[in-house]
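Asks: One structure, pasted below without further comment.
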Amino acid sequence: MNHPTGIEPSDGSASAAERTRERLLDEARGLQVAQARAEAGLIEVVVRAVDNAVAHPEIELIAADPKATDADYAARSAVLGLSLELAVSQDQVRALLDEGRVLTKLLPATWAAFRSGAVTHQKTRVILKHFRTLPVDEEIQLYFDRVMAEAAAVVNVNRLGRKASRLAQRLTDRPLEVVHAEAAKARRVWVDIEEGTGMAYFTAYLHADEALLAKGRLDAIAKTLDDSGRPEAERRTADQKRADVTADILIGKGEPSQARPRVNVYVPLMNLAHCPEEVKPASINGVVPISAERARELVGASPTLTRIFTDPVDGAVLGVGRKKYLPSADLKRFVLARDELCGTPGCMRPGDECDLDHRIDFARGGETSAENLTPRCPKDHTVKHATRWQVDTRETAAGATEVWTSPGGRRYWDRSLDPPPRPKRRKYDVLPDEAPF
């Protein structure tokens, strides 16, 4: 029998299917490596093509023209040629050129990892984005490059962005308040029309807390909409309801709802006391870092924000052993404040949208305690309990970390632990070699 997908026919045992699963995982990884190498190679060729045009303007420009020796015009000509050959816009070619210039000159470790296929183009762009916020200091830049190149090889792109943002913040001389104020100047609203569908994207660049509160309000209003009286074909999904609510609010259609969203602001107590933010910054929903000043403002001002202080409160019940399956309110608050995100490696689901899961099942002797509880998004919770994946823990420099073992024996754990505080020494190359992830 022909099997065009390469899946082996079953012989009544699981071994053939298991071998196929492992082979396909290896094949997927190999294709990803090949794709990264190809994309890095394209960037390298784009840089070389433009450099060649600049070095030899006569191959691009008219000899009798006054501009015949102008490097800028030669570069423009080369960019146009690449654009037409690759069937992409000139802006896309310029973006590749800019990436290549920065990577090859200022980010040698990241470039080497990208060129070898160990790091994808998407992850490389995340590193570049945060690299551009660093001060012009070779030691700082090389330290950031080394740490992020190593991290990029083992964490997913979302967690990499979070790690890069926090490390860049600790390595820059600019306070978060200054960075936020500069970024806030760019707040705006824009519309992108989607041709041929009669639809459009409506986008707003806002303060993070305002955006999350707005989204929370949309969620709250959407949940009040009852489509049960509509024909089944006309019943809306949650996303469709949120889109309809957004349009209704903005164009003034219907009565505004009084539904009030809630957003958690995680605030280390030391920040409220105006102490340095060396250990951990305040954050919104455990994901969006905010300055201590902004945190103090939000904590004192908004009735729609839940204040969760990330130091345990005296007298809080942080464990009930085997007496109860459900954690106490104090225990739940503490675990969510401590872990912030789903405990599954790579998952970015905020803790307050997760179940509270016993790492060791309660039915198998696991206690209802802070050490044995972690947030778990519903999808990962189901995978943990309903599949052959195994979850245990290992000790790292940051404490116990979950290790997920696949049905085929492959082991994965979260290596995106928060970066260290800014080193006190100026010579970053004398720091311990072990990367903080």
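By convention here, the chains of the structure tokens are called A, B, ... in the order presented, each chain's residues are numbered starting at 1, and ligands are numbered starting at 1 in the order presented.
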Please identify all polymer residues within 9 Å of Asn156 of chain A, counting only C-alpha atoms, omitting same-chain residues fewer than 3 positions from it, and present them as JSON, numbers by chain.

Replies: {"A": [123, 152, 153, 159, 160, 161, 345, 346, 347, 416]}

Asks: Rank nothing, just name the residue among A:Asp145, A:Glu182, A:Glu371, A:Asp226 nearest to Leu103 of chain A, using only C-alpha atoms.

Replies: A:Asp145

Asks: Quick one: pull the distance between atom CA of Asp26 of chain A and atom CA of Tyr412 of chain A, Å, one decimal.

Replies: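 A separation of 14.9 Å between them.
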
Asks: Find the residues around segment 381-391 of chain A up to 10 Å (only C-alpha atoms counted), leave out those fewer than 4 positions away in its own chain, and share them as a PyMOL selection string.

Replies: chain A and resi 342-344+354-361+375-377+402-413

Asks: In Å, with one decimal, what is the gap from atom CA of Pro378 of chain A to atom CA of Gly351 of chain A?

Replies: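 Taking atom CA of Pro378 of chain A as the start and atom CA of Gly351 of chain A as the end point, the length is 11.0 Å.
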
Asks: With distances taken over only C-alpha atoms, which of A:Pro135, A:Gly117, A:Gly196, A:Gly41 is nearest to Arg170 of chain A?

Replies: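 Counting only C-alpha atoms, the residue closest to Arg170 of chain A is A:Pro135.
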
Asks: Between atom CA of Phe202 of chain A and atom CA of Val189 of chain A, what distance in Å does the model show, to one decimal?

Replies: 7.5 Å

Asks: Write out as a list in words each polymer residue whose atoms come within 8 Å of Ala151 of chain A, counting only C-alpha atoms; drop sequence neighbours fewer than 2 positions from it.

Replies: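 Counting only C-alpha atoms, the residues come to Val147, Met148, Ala149, Ala153, Val154, Val155, Leu160, Arg415, Ser416, Ala435 and Phe437 of chain A.
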
Asks: I'd like to know which of A:Glu367, A:Glu138, A:Glu18, A:Asp244 is closest to Leu225 of chain A, using only C-alpha atoms.

Replies: A:Asp244

Asks: DSSP says alpha helix (DSSP H) for which residues of segment 72-269 of chain A? Put them as an MDAnalysis selection string?

Replies: chainID A and resid 72:86 90:106 108:116 121:131 138:152 157:171 176:184 208:223 238:251 269

Asks: Save the residues we just selected, C-alpha atoms, as a compact mmCIF listing (two decimals), in the first residue's frame?

Replies:
```txt
# COMPACT_ATOMS: atom_id res chain seq x y z
CA ASP A 72 23.74 55.77 -2.08
CA TYR A 73 22.37 55.62 -5.62
CA ALA A 74 24.27 52.41 -6.29
CA ALA A 75 22.77 50.89 -3.14
CA ARG A 76 19.29 51.98 -4.19
CA SER A 77 19.77 50.31 -7.55
CA ALA A 78 20.90 47.06 -5.91
CA VAL A 79 17.93 47.11 -3.52
CA LEU A 80 15.56 47.54 -6.46
CA GLY A 81 17.18 44.62 -8.27
CA LEU A 82 16.83 42.36 -5.23
CA SER A 83 13.24 43.47 -4.75
CA LEU A 84 12.28 42.55 -8.29
CA GLU A 85 14.22 39.28 -8.30
CA LEU A 86 12.76 38.12 -4.97
CA GLN A 90 12.01 47.33 -1.40
CA ASP A 91 11.20 47.98 2.26
CA GLN A 92 11.50 44.25 2.93
CA VAL A 93 14.90 44.18 1.23
CA ARG A 94 16.05 47.18 3.27
CA ALA A 95 14.86 45.47 6.44
CA LEU A 96 16.95 42.39 5.60
CA LEU A 97 19.90 44.62 4.81
CA ASP A 98 19.60 46.45 8.12
CA GLU A 99 19.31 43.16 10.03
CA GLY A 100 22.42 41.86 8.28
CA ARG A 101 24.44 44.99 9.07
CA VAL A 102 23.60 44.87 12.79
CA LEU A 103 23.94 41.11 13.17
CA THR A 104 27.30 40.76 11.45
CA LYS A 105 28.88 43.80 13.11
CA LEU A 106 27.36 43.97 16.59
CA PRO A 108 28.33 37.92 16.58
CA ALA A 109 26.92 35.22 18.88
CA THR A 110 23.36 35.69 17.67
CA TRP A 111 24.50 35.77 14.04
CA ALA A 112 26.52 32.57 14.49
CA ALA A 113 23.55 30.79 16.09
CA PHE A 114 21.22 32.01 13.33
CA ARG A 115 23.69 31.07 10.59
CA SER A 116 24.06 27.55 12.02
CA HIS A 121 14.81 34.23 12.02
CA GLN A 122 11.81 35.13 14.18
CA LYS A 123 13.84 34.76 17.38
CA THR A 124 16.70 36.71 15.84
CA ARG A 125 14.33 39.59 15.15
CA VAL A 126 13.17 39.55 18.77
CA ILE A 127 16.78 39.87 19.94
CA LEU A 128 17.41 42.67 17.44
CA LYS A 129 14.35 44.57 18.62
CA HIS A 130 15.54 44.72 22.22
CA PHE A 131 19.20 45.13 21.29
CA GLU A 138 30.41 47.40 23.48
CA GLU A 139 30.68 45.45 26.74
CA ILE A 140 26.96 45.72 27.46
CA GLN A 141 26.05 44.83 23.88
CA LEU A 142 28.29 41.77 23.76
CA TYR A 143 27.02 40.56 27.12
CA PHE A 144 23.40 40.90 25.92
CA ASP A 145 24.32 39.14 22.68
CA ARG A 146 25.93 36.18 24.42
CA VAL A 147 23.15 35.64 26.96
CA MET A 148 20.32 35.99 24.44
CA ALA A 149 21.94 33.81 21.78
CA GLU A 150 22.21 30.97 24.30
CA ALA A 151 18.67 31.52 25.54
CA ALA A 152 17.20 31.66 22.03
CA VAL A 157 9.81 33.14 20.87
CA ASN A 158 7.27 34.55 23.36
CA ARG A 159 9.34 33.74 26.42
CA LEU A 160 12.46 34.92 24.61
CA GLY A 161 10.85 38.33 24.09
CA ARG A 162 9.99 38.57 27.76
CA LYS A 163 13.52 37.60 28.78
CA ALA A 164 15.13 40.00 26.27
CA SER A 165 12.94 42.86 27.44
CA ARG A 166 13.85 42.36 31.08
CA LEU A 167 17.55 41.90 30.43
CA ALA A 168 17.68 44.98 28.18
CA GLN A 169 15.94 47.00 30.88
CA ARG A 170 18.50 45.94 33.47
CA LEU A 171 21.41 46.74 31.17
CA LEU A 176 11.63 52.29 32.87
CA GLU A 177 9.69 55.51 33.46
CA VAL A 178 11.76 57.26 30.79
CA VAL A 179 11.46 54.37 28.33
CA HIS A 180 7.70 54.24 28.85
CA ALA A 181 7.31 58.01 28.44
CA GLU A 182 9.20 57.93 25.14
CA ALA A 183 7.18 54.97 23.85
CA ALA A 184 3.93 56.62 24.91
CA ALA A 208 -0.43 48.51 28.42
CA ASP A 209 -2.65 48.82 31.49
CA GLU A 210 -5.26 50.77 29.51
CA ALA A 211 -5.19 48.23 26.68
CA LEU A 212 -5.65 45.32 29.09
CA LEU A 213 -8.47 47.10 30.90
CA ALA A 214 -10.14 47.84 27.57
CA LYS A 215 -9.80 44.20 26.53
CA GLY A 216 -11.14 43.14 29.92
CA ARG A 217 -14.18 45.35 29.49
CA LEU A 218 -14.83 43.93 26.02
CA ASP A 219 -14.62 40.41 27.45
CA ALA A 220 -16.98 41.29 30.28
CA ILE A 221 -19.58 42.86 27.97
CA ALA A 222 -19.29 40.04 25.42
CA LYS A 223 -20.07 37.48 28.13
CA ALA A 238 -16.59 34.88 21.68
CA ASP A 239 -14.23 36.65 19.26
CA GLN A 240 -17.12 37.78 17.08
CA LYS A 241 -18.97 39.13 20.12
CA ARG A 242 -15.89 41.09 21.22
CA ALA A 243 -15.51 42.54 17.72
CA ASP A 244 -19.18 43.58 17.64
CA VAL A 245 -18.94 45.14 21.11
CA THR A 246 -15.84 47.10 20.05
CA ALA A 247 -17.60 48.52 17.02
CA ASP A 248 -20.77 49.34 18.99
CA ILE A 249 -18.84 51.23 21.68
CA LEU A 250 -16.70 53.21 19.26
CA ILE A 251 -19.50 54.30 16.94
CA LEU A 269 6.26 45.40 48.28
```
